[in-house]
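One file, input.pdb, is given below (PDB, C-alpha atoms).
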```pdb
ATOM      1  CA  MET A 113     -21.082 -63.369  33.054
ATOM      2  CA  SER A 114     -20.131 -65.396  29.961
ATOM      3  CA  GLY A 115     -23.818 -65.841  28.975
ATOM      4  CA  GLY A 116     -24.330 -62.086  29.038
ATOM      5  CA  LEU A 117     -21.126 -61.511  27.104
ATOM      6  CA  GLU A 118     -22.027 -64.074  24.434
ATOM      7  CA  ALA A 119     -25.504 -62.558  23.980
ATOM      8  CA  PHE A 120     -23.940 -59.074  23.802
ATOM      9  CA  GLN A 121     -21.426 -60.160  21.149
ATOM     10  CA  LYS A 122     -24.121 -61.864  19.070
ATOM     11  CA  ALA A 123     -26.350 -58.783  19.273
ATOM     12  CA  LEU A 124     -23.359 -56.598  18.328
ATOM     13  CA  ARG A 125     -22.674 -58.737  15.243
ATOM     14  CA  ASP A 126     -26.322 -58.395  14.201
ATOM     15  CA  TYR A 127     -26.259 -54.680  15.058
ATOM     16  CA  THR A 128     -23.332 -54.088  12.684
ATOM     17  CA  ARG A 129     -25.374 -55.513   9.786
ATOM     18  CA  TYR A 130     -28.117 -52.912  10.227
ATOM     19  CA  ASN A 131     -25.941 -49.902  10.971
ATOM     20  CA  ARG A 132     -24.278 -47.968   8.148
ATOM     21  CA  ARG A 133     -21.311 -46.730  10.143
ATOM     22  CA  GLU A 134     -17.873 -48.232   9.714
ATOM     23  CA  LEU A 135     -17.103 -51.042  12.176
ATOM     24  CA  GLY A 136     -14.436 -49.213  14.243
ATOM     25  CA  PRO A 137     -16.473 -46.100  15.091
ATOM     26  CA  LEU A 138     -19.559 -48.271  15.599
ATOM     27  CA  ILE A 139     -17.781 -50.408  18.183
ATOM     28  CA  GLU A 140     -16.339 -47.327  19.863
ATOM     29  CA  ASN A 141     -19.785 -45.762  20.102
ATOM     30  CA  ARG A 142     -21.267 -48.886  21.675
ATOM     31  CA  ALA A 143     -18.302 -49.130  24.076
ATOM     32  CA  ARG A 144     -18.883 -45.517  25.073
ATOM     33  CA  ARG A 145     -22.471 -46.432  25.982
ATOM     34  CA  VAL A 146     -21.226 -49.393  28.022
ATOM     35  CA  GLN A 147     -18.739 -47.141  29.801
ATOM     36  CA  TRP A 148     -21.423 -44.613  30.793
ATOM     37  CA  ASP A 149     -23.758 -47.381  31.900
ATOM     38  CA  LEU A 150     -21.001 -48.841  34.101
ATOM     39  CA  TYR A 151     -20.310 -45.401  35.583
ATOM     40  CA  ARG A 152     -24.009 -44.840  36.308
ATOM     41  CA  ARG A 153     -24.550 -48.251  37.898
ATOM     42  CA  PHE A 154     -21.477 -47.983  40.120
ATOM     43  CA  ARG A 155     -22.611 -44.487  41.089
ATOM     44  CA  GLU A 156     -26.013 -45.904  42.108
ATOM     45  CA  ILE A 157     -24.517 -48.399  44.578
ATOM     46  CA  ALA A 158     -22.473 -45.748  46.369
ATOM     47  CA  PRO A 159     -23.800 -45.120  49.885
ATOM     48  CA  THR A 160     -24.950 -41.621  50.733
ATOM     49  CA  PRO A 161     -23.186 -39.733  53.544
ATOM     50  CA  GLU A 162     -26.391 -40.061  55.583
ATOM     51  CA  LYS A 163     -26.362 -43.837  55.170
ATOM     52  CA  ILE A 164     -22.726 -43.988  56.280
ATOM     53  CA  ASN A 165     -23.557 -41.982  59.408
ATOM     54  CA  LYS A 166     -26.649 -44.102  60.186
ATOM     55  CA  GLU A 167     -24.705 -47.364  59.867
ATOM     56  CA  ALA A 168     -21.997 -46.107  62.203
ATOM     57  CA  GLU A 169     -24.614 -44.872  64.641
ATOM     58  CA  ALA A 170     -26.439 -48.238  64.542
ATOM     59  CA  ARG A 171     -23.180 -49.962  65.516
ATOM     60  CA  GLY A 172     -22.561 -47.571  68.376
ATOM     61  CA  PHE A 173     -19.720 -46.018  66.361
ATOM     62  CA  GLU A 174     -17.712 -49.233  66.725
ATOM     63  CA  ILE A 175     -16.533 -49.466  63.142
ATOM     64  CA  ARG A 176     -13.455 -50.808  61.466
ATOM     65  CA  ARG A 177     -10.945 -47.998  61.115
ATOM     66  CA  ARG A 178      -7.917 -47.786  58.892
ATOM     67  CA  ILE A 179      -4.408 -47.175  60.076
ATOM     68  CA  GLY A 180      -3.098 -43.677  59.497
ATOM     69  CA  LYS A 181       0.325 -42.555  58.317
ATOM     70  CA  ASP A 182       1.560 -42.462  61.884
ATOM     71  CA  GLY A 183       0.806 -46.200  62.331
ATOM     72  CA  LYS A 184      -2.148 -45.632  64.653
ATOM     73  CA  HIS A 185      -5.830 -46.225  63.950
ATOM     74  CA  LEU A 186      -7.764 -43.202  62.750
ATOM     75  CA  SER A 187     -10.387 -41.767  65.046
ATOM     76  CA  VAL A 188     -14.008 -42.648  64.323
ATOM     77  CA  LYS A 189     -14.595 -39.064  63.199
ATOM     78  CA  GLN A 190     -11.650 -39.210  60.752
ATOM     79  CA  GLU A 191     -12.759 -42.605  59.408
ATOM     80  CA  LEU A 192     -16.314 -41.410  58.823
ATOM     81  CA  ALA A 193     -15.048 -38.262  57.088
ATOM     82  CA  LEU A 194     -12.909 -40.386  54.748
ATOM     83  CA  ARG A 195     -15.828 -42.733  54.022
ATOM     84  CA  ARG A 196     -18.132 -39.815  53.208
ATOM     85  CA  ARG A 197     -15.504 -38.315  50.953
ATOM     86  CA  SER A 198     -15.031 -41.509  48.961
ATOM     87  CA  THR A 199     -18.669 -42.397  48.256
ATOM     88  CA  GLY A 200     -18.250 -42.220  44.463
ATOM     89  CA  TRP A 201     -14.824 -43.837  44.435
ATOM     90  CA  LEU A 202     -15.656 -46.987  42.442
ATOM     91  CA  SER A 203     -17.625 -45.150  39.771
ATOM     92  CA  ILE A 204     -14.727 -42.751  39.149
ATOM     93  CA  SER A 205     -12.716 -45.584  37.591
ATOM     94  CA  PHE A 206     -15.225 -45.522  34.703
ATOM     95  CA  LEU A 207     -15.237 -41.732  34.314
ATOM     96  CA  LEU A 208     -12.882 -41.339  31.377
ATOM     97  CA  ARG A 209     -12.971 -37.587  30.904
ATOM     98  CA  THR A 210     -10.395 -37.446  28.101
ATOM     99  CA  TRP A 211     -12.108 -40.049  25.911
ATOM    100  CA  ARG A 212     -13.889 -38.303  23.076
ATOM    101  CA  ALA A 213     -15.323 -40.538  20.366
ATOM    102  CA  GLN A 214     -13.926 -39.753  16.933
ATOM    103  CA  ARG A 215     -15.985 -40.017  13.751
ATOM    104  CA  GLU A 216     -13.170 -41.905  12.019
ATOM    105  CA  GLY A 217     -12.263 -44.031  15.044
ATOM    106  CA  GLN A 218      -8.981 -43.776  16.926
ATOM    107  CA  THR A 219      -6.170 -45.610  18.634
ATOM    108  CA  GLY A 220      -5.177 -44.692  22.152
ATOM    109  CA  VAL A 221      -5.339 -45.239  25.874
ATOM    110  CA  PHE A 222      -7.525 -42.955  27.970
ATOM    111  CA  SER A 223      -7.204 -42.905  31.748
ATOM    112  CA  ALA A 224      -9.507 -42.189  34.649
ATOM    113  CA  LEU A 225      -7.589 -40.380  37.371
ATOM    114  CA  SER A 226      -8.207 -39.963  41.074
ATOM    115  CA  ARG A 227      -7.922 -36.622  42.859
ATOM    116  CA  THR A 228      -4.269 -37.429  43.502
ATOM    117  CA  ARG A 229      -3.754 -38.034  39.755
ATOM    118  CA  ARG A 230      -3.389 -41.799  40.265
ATOM    119  CA  GLU A 231      -4.705 -43.939  37.403
ATOM    120  CA  VAL A 232      -7.799 -45.835  38.622
ATOM    121  CA  GLY A 233      -9.275 -46.928  35.296
ATOM    122  CA  LYS A 234      -8.639 -46.842  31.577
ATOM    123  CA  ALA A 235      -9.995 -47.541  28.115
ATOM    124  CA  ILE A 236      -7.748 -49.088  25.477
ATOM    125  CA  ILE A 237      -9.183 -48.145  22.099
ATOM    126  CA  ARG A 238      -8.276 -49.645  18.735
ATOM    127  CA  THR A 239     -10.981 -48.403  16.359
ATOM    128  CA  ALA A 240      -9.026 -46.331  13.809
ATOM    129  CA  LYS A 241      -9.773 -46.718  10.112
ATOM    130  CA  GLY A 242      -7.971 -49.717   8.673
ATOM    131  CA  GLN A 243      -7.837 -51.554  12.019
ATOM    132  CA  ARG A 244      -8.332 -55.256  11.189
ATOM    133  CA  ARG A 245     -10.144 -56.136  14.404
ATOM    134  CA  PRO A 246     -11.393 -52.982  16.059
ATOM    135  CA  SER A 247     -11.821 -53.257  19.809
ATOM    136  CA  VAL A 248     -12.318 -51.295  22.998
ATOM    137  CA  ARG A 249     -11.293 -52.558  26.399
ATOM    138  CA  ILE A 250     -12.629 -50.788  29.497
ATOM    139  CA  VAL A 251     -10.776 -51.579  32.728
ATOM    140  CA  SER A 252     -11.200 -50.513  36.336
ATOM    141  CA  LEU A 253      -7.950 -50.779  38.265
ATOM    142  CA  LEU A 254      -9.747 -50.729  41.620
ATOM    143  CA  GLU A 255     -10.030 -54.044  43.414
ATOM    144  CA  GLY A 256     -13.315 -52.943  44.997
ATOM    145  CA  ALA A 257     -14.901 -52.456  41.566
ATOM    146  CA  ALA A 258     -14.163 -56.072  40.615
ATOM    147  CA  ILE A 259     -15.535 -57.324  43.936
ATOM    148  CA  GLN A 260     -18.742 -55.268  43.698
ATOM    149  CA  ALA A 261     -19.229 -56.172  40.032
ATOM    150  CA  ARG A 262     -18.941 -59.868  40.883
ATOM    151  CA  GLN A 263     -21.169 -59.708  43.968
ATOM    152  CA  ARG A 264     -23.884 -57.550  42.422
ATOM    153  CA  GLY A 265     -23.683 -58.710  38.800
ATOM    154  CA  ILE A 266     -23.216 -55.148  37.581
ATOM    155  CA  VAL A 267     -21.283 -55.946  34.414
ATOM    156  CA  ASN A 268     -23.778 -58.633  33.455
ATOM    157  CA  ARG A 269     -26.684 -56.210  33.944
ATOM    158  CA  VAL A 270     -24.913 -53.586  31.830
ATOM    159  CA  LEU A 271     -24.342 -56.125  29.058
ATOM    160  CA  GLN A 272     -27.989 -57.229  29.226
ATOM    161  CA  SER A 273     -29.152 -53.621  29.033
ATOM    162  CA  GLN A 274     -26.946 -52.875  26.034
ATOM    163  CA  THR A 275     -27.990 -56.138  24.352
ATOM    164  CA  ALA A 276     -31.659 -55.203  24.760
ATOM    165  CA  ASP A 277     -30.930 -51.748  23.317
ATOM    166  CA  MET A 278     -29.232 -53.223  20.249
ATOM    167  CA  ARG A 279     -32.010 -55.789  19.769
ATOM    168  CA  SER A 280     -34.677 -53.075  19.824
ATOM    169  CA  TYR A 281     -32.667 -51.153  17.192
ATOM    170  CA  ILE A 282     -32.406 -54.302  15.053
ATOM    171  CA  ALA A 283     -36.151 -54.994  15.386
ATOM    172  CA  ARG A 284     -36.950 -51.419  14.347
ATOM    173  CA  LYS A 285     -34.668 -51.653  11.297
ATOM    174  CA  GLN A 286     -36.168 -55.019  10.311
ATOM    175  CA  GLN A 287     -39.651 -53.527  10.575
ATOM    176  CA  GLU A 288     -38.600 -50.604   8.376
ATOM    177  CA  ARG A 289     -37.248 -53.016   5.739
ATOM    178  CA  ILE A 290     -40.487 -55.008   5.790
ATOM    179  CA  GLN A 291     -42.542 -51.832   5.379
ATOM    180  CA  LYS A 292     -40.356 -50.690   2.446
ATOM    181  CA  THR A 293     -40.715 -54.083   0.777
ATOM    182  CA  ILE A 294     -44.496 -54.056   1.218
ATOM    183  CA  ALA A 295     -44.724 -50.484  -0.034
ATOM    184  CA  LYS A 296     -42.692 -51.391  -3.148
ATOM    185  CA  SER A 297     -44.871 -54.436  -3.766
ATOM    186  CA  PHE A 298     -48.105 -52.452  -3.541
ATOM    187  CA  THR A 299     -46.725 -49.671  -5.707
ATOM    188  CA  HIS A 300     -45.664 -52.231  -8.273
ATOM    189  CA  ILE A 301     -49.091 -53.971  -8.221
ATOM    190  CA  ILE A 302     -51.101 -50.722  -8.290
ATOM    191  CA  GLY A 303     -48.847 -49.221 -10.951
ATOM    192  CA  ARG A 304     -49.801 -51.950 -13.464
TER     193      ARG A 304
END
```
Could you render the structure as structure tokens?
Amino acid sequence: MSGGLEAFQKALRDYTRYNRRELGPLIENRARRVQWDLYRRFREIAPTPEKINKEAEARGFEIRRRIGKDGKHLSVKQELALRRRSTGWLSISFLLRTWRAQREGQTGVFSALSRTRREVGKAIIRTAKGQRRPSVRIVSLLEGAAIQARQRGIVNRVLQSQTADMRSYIARKQQERIQKTIAKSFTHIIGR
């Protein structure tokens, strides 16, 4: 992952040179894009209820079942119902509903909550005006998210996607500068 992170940070440094926004809000905006990309990619890996049923059926309904509150294993039917209900569980840790980007930046902690109001993810934002080193930290508190991210390379793919997006922006801005310079040169030559 470090290669993807280094490329992302380098592209972000270059991106800040071509963007007119203040550094804090700029970083927050890019972090917001990363957050939505993480949410979308974790949502994509979630099995559908049909897939859950087909897998159980293929195994003759001999599946690993969790232990209920009474200390006994859940029935197959109960286990399958719980699995179907939790298909989007990992992606929810990146769904930070209270995080609204501010034009002037902000300082705060925004949480992603489960149905039971348990904190499953959060974003720690330090992008307010005057912040010496603006930063945003996006964290999933679910162990499964870390495991899936490591196994599938999700975070690395998100960073690569965002790096490519910033590089295309930089290339477009460089092209615009070249065109302006050429236009000025021709105007200057023709004007004489």
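Across A:Ala158, A:Ile250, A:Val188, A:Ala224, the tightest approach to Ile204 (chain A) is made by A:Ala224 when counting only C-alpha atoms.
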Next on the checklist: Here's the selection I'm unsure about, the PyMOL selection byres ((chain A and resi 128) around 12); applied to the file above, which residues does it give, as a PyMOL selection string?
Outcome noted: chain A and resi 121-127+129-139+141-142+278-279+281-282+285
At most 12 Å is the cut-off: for each residue in region 147-239 of chain A with any atom that close to an atom of region 257-269 of chain A, write down the nearest atom pair and the distance in Å rounded to one decimal, counting all atoms listed in the file, chain first then increasing number, as CSV.
```
residue,atom,partner,partner_atom,distance
A:Gln147,CA,A:Val267,CA,10.3
A:Trp148,CA,A:Val267,CA,11.9
A:Asp149,CA,A:Val267,CA,9.3
A:Leu150,CA,A:Val267,CA,7.1
A:Tyr151,CA,A:Ile266,CA,10.4
A:Arg152,CA,A:Ile266,CA,10.4
A:Arg153,CA,A:Ile266,CA,7.0
A:Phe154,CA,A:Ile266,CA,7.8
A:Arg155,CA,A:Ala257,CA,11.1
A:Glu156,CA,A:Ile266,CA,10.7
A:Ile157,CA,A:Gln260,CA,9.0
A:Ala158,CA,A:Gln260,CA,10.6
A:Gly200,CA,A:Ala257,CA,11.2
A:Trp201,CA,A:Ala257,CA,9.1
A:Leu202,CA,A:Ala257,CA,5.6
A:Ser203,CA,A:Ala257,CA,8.0
A:Ile204,CA,A:Ala257,CA,10.0
A:Ser205,CA,A:Ala257,CA,8.2
A:Phe206,CA,A:Ala257,CA,9.8
A:Val232,CA,A:Ala257,CA,10.1
A:Gly233,CA,A:Ala257,CA,10.1
```
To test the calculation: enclose all listed atoms of region 262-281 of chain A in a box whose edges run along x, y and z, add 8 Å on each side, then state centre and edge lengths in Å to one decimal, as JSON.
```
{"center_x": -26.8, "center_y": -55.5, "center_z": 30.6, "size_x": 31.7, "size_y": 24.7, "size_z": 42.8}
```
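Among the candidates A:Asp182, A:Ile290, A:Gln272, A:Arg238, the one nearest to Glu118 (chain A) when counting all atoms listed in the file is A:Gln272.
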Item to check | Residue nearest Arg145 (chain A) among A:Ser226, A:Ser273, A:Ser187, A:Ser247 (counting all atoms listed in the file) | outcome: A:Ser273
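Counting from CA of Thr199 (chain A), the distance to CA of Phe173 (chain A) is 18.5 Å.
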Checklist entry - Quick one: distance from CA of Glu216 (chain A) to CA of Lys241 (chain A) in Å, one decimal? => result 6.2 Å
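Residue nearest Gln218 (chain A), chosen from A:Arg196, A:Leu186, A:Gln274, A:Glu140 and counting all atoms listed in the file: A:Glu140.
Our summary of the geometry notes that CA of Arg215 (chain A) is positioned 25.4 Å from CA of Ser252 (chain A).
Nearest to Pro161 (chain A) of all the residues A:Arg284, A:Arg176, A:Lys184, A:Arg197 is A:Arg197, counting all atoms listed in the file.
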Could you rebuild region 122-134 of chain A with N, CA, C and O atoms and give it back as an mmCIF file, in the coordinates of the input?
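Once everything was written out, this is selection-v9.cif:
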```cif
data_model
loop_
_atom_site.group_PDB
_atom_site.id
_atom_site.type_symbol
_atom_site.label_atom_id
_atom_site.label_comp_id
_atom_site.auth_asym_id
_atom_site.auth_seq_id
_atom_site.Cartn_x
_atom_site.Cartn_y
_atom_site.Cartn_z
ATOM 1 N N LYS A 122 -23.229 -61.452 20.161
ATOM 2 C CA LYS A 122 -24.121 -61.864 19.070
ATOM 3 C C LYS A 122 -24.976 -60.674 18.637
ATOM 4 O O LYS A 122 -25.117 -60.405 17.441
ATOM 5 N N ALA A 123 -25.537 -59.960 19.601
ATOM 6 C CA ALA A 123 -26.350 -58.783 19.273
ATOM 7 C C ALA A 123 -25.503 -57.732 18.563
ATOM 8 O O ALA A 123 -25.977 -57.078 17.621
ATOM 9 N N LEU A 124 -24.252 -57.569 18.972
ATOM 10 C CA LEU A 124 -23.359 -56.598 18.328
ATOM 11 C C LEU A 124 -23.084 -56.993 16.880
ATOM 12 O O LEU A 124 -23.073 -56.141 15.993
ATOM 13 N N ARG A 125 -22.877 -58.285 16.633
ATOM 14 C CA ARG A 125 -22.674 -58.737 15.243
ATOM 15 C C ARG A 125 -23.903 -58.410 14.397
ATOM 16 O O ARG A 125 -23.780 -57.917 13.272
ATOM 17 N N ASP A 126 -25.085 -58.698 14.927
ATOM 18 C CA ASP A 126 -26.322 -58.395 14.201
ATOM 19 C C ASP A 126 -26.492 -56.889 14.026
ATOM 20 O O ASP A 126 -26.906 -56.424 12.967
ATOM 21 N N TYR A 127 -26.151 -56.142 15.059
ATOM 22 C CA TYR A 127 -26.259 -54.680 15.058
ATOM 23 C C TYR A 127 -25.406 -54.072 13.939
ATOM 24 O O TYR A 127 -25.827 -53.132 13.273
ATOM 25 N N THR A 128 -24.226 -54.626 13.722
ATOM 26 C CA THR A 128 -23.332 -54.088 12.684
ATOM 27 C C THR A 128 -23.916 -54.282 11.288
ATOM 28 O O THR A 128 -23.615 -53.505 10.394
ATOM 29 N N ARG A 129 -24.753 -55.284 11.100
ATOM 30 C CA ARG A 129 -25.374 -55.513 9.786
ATOM 31 C C ARG A 129 -26.408 -54.437 9.447
ATOM 32 O O ARG A 129 -26.642 -54.152 8.278
ATOM 33 N N TYR A 130 -27.043 -53.879 10.456
ATOM 34 C CA TYR A 130 -28.117 -52.912 10.227
ATOM 35 C C TYR A 130 -27.656 -51.469 10.361
ATOM 36 O O TYR A 130 -28.438 -50.563 10.122
ATOM 37 N N ASN A 131 -26.443 -51.251 10.762
ATOM 38 C CA ASN A 131 -25.941 -49.902 10.971
ATOM 39 C C ASN A 131 -24.987 -49.560 9.832
ATOM 40 O O ASN A 131 -24.154 -50.375 9.452
ATOM 41 N N ARG A 132 -25.080 -48.361 9.315
ATOM 42 C CA ARG A 132 -24.278 -47.968 8.148
ATOM 43 C C ARG A 132 -22.880 -47.469 8.497
ATOM 44 O O ARG A 132 -22.054 -47.288 7.617
ATOM 45 N N ARG A 133 -22.629 -47.240 9.762
ATOM 46 C CA ARG A 133 -21.311 -46.730 10.143
ATOM 47 C C ARG A 133 -20.233 -47.782 9.948
ATOM 48 O O ARG A 133 -20.509 -48.977 9.965
ATOM 49 N N GLU A 134 -19.013 -47.321 9.810
ATOM 50 C CA GLU A 134 -17.873 -48.232 9.714
ATOM 51 C C GLU A 134 -17.713 -48.973 11.042
ATOM 52 O O GLU A 134 -18.090 -48.463 12.107
#
```
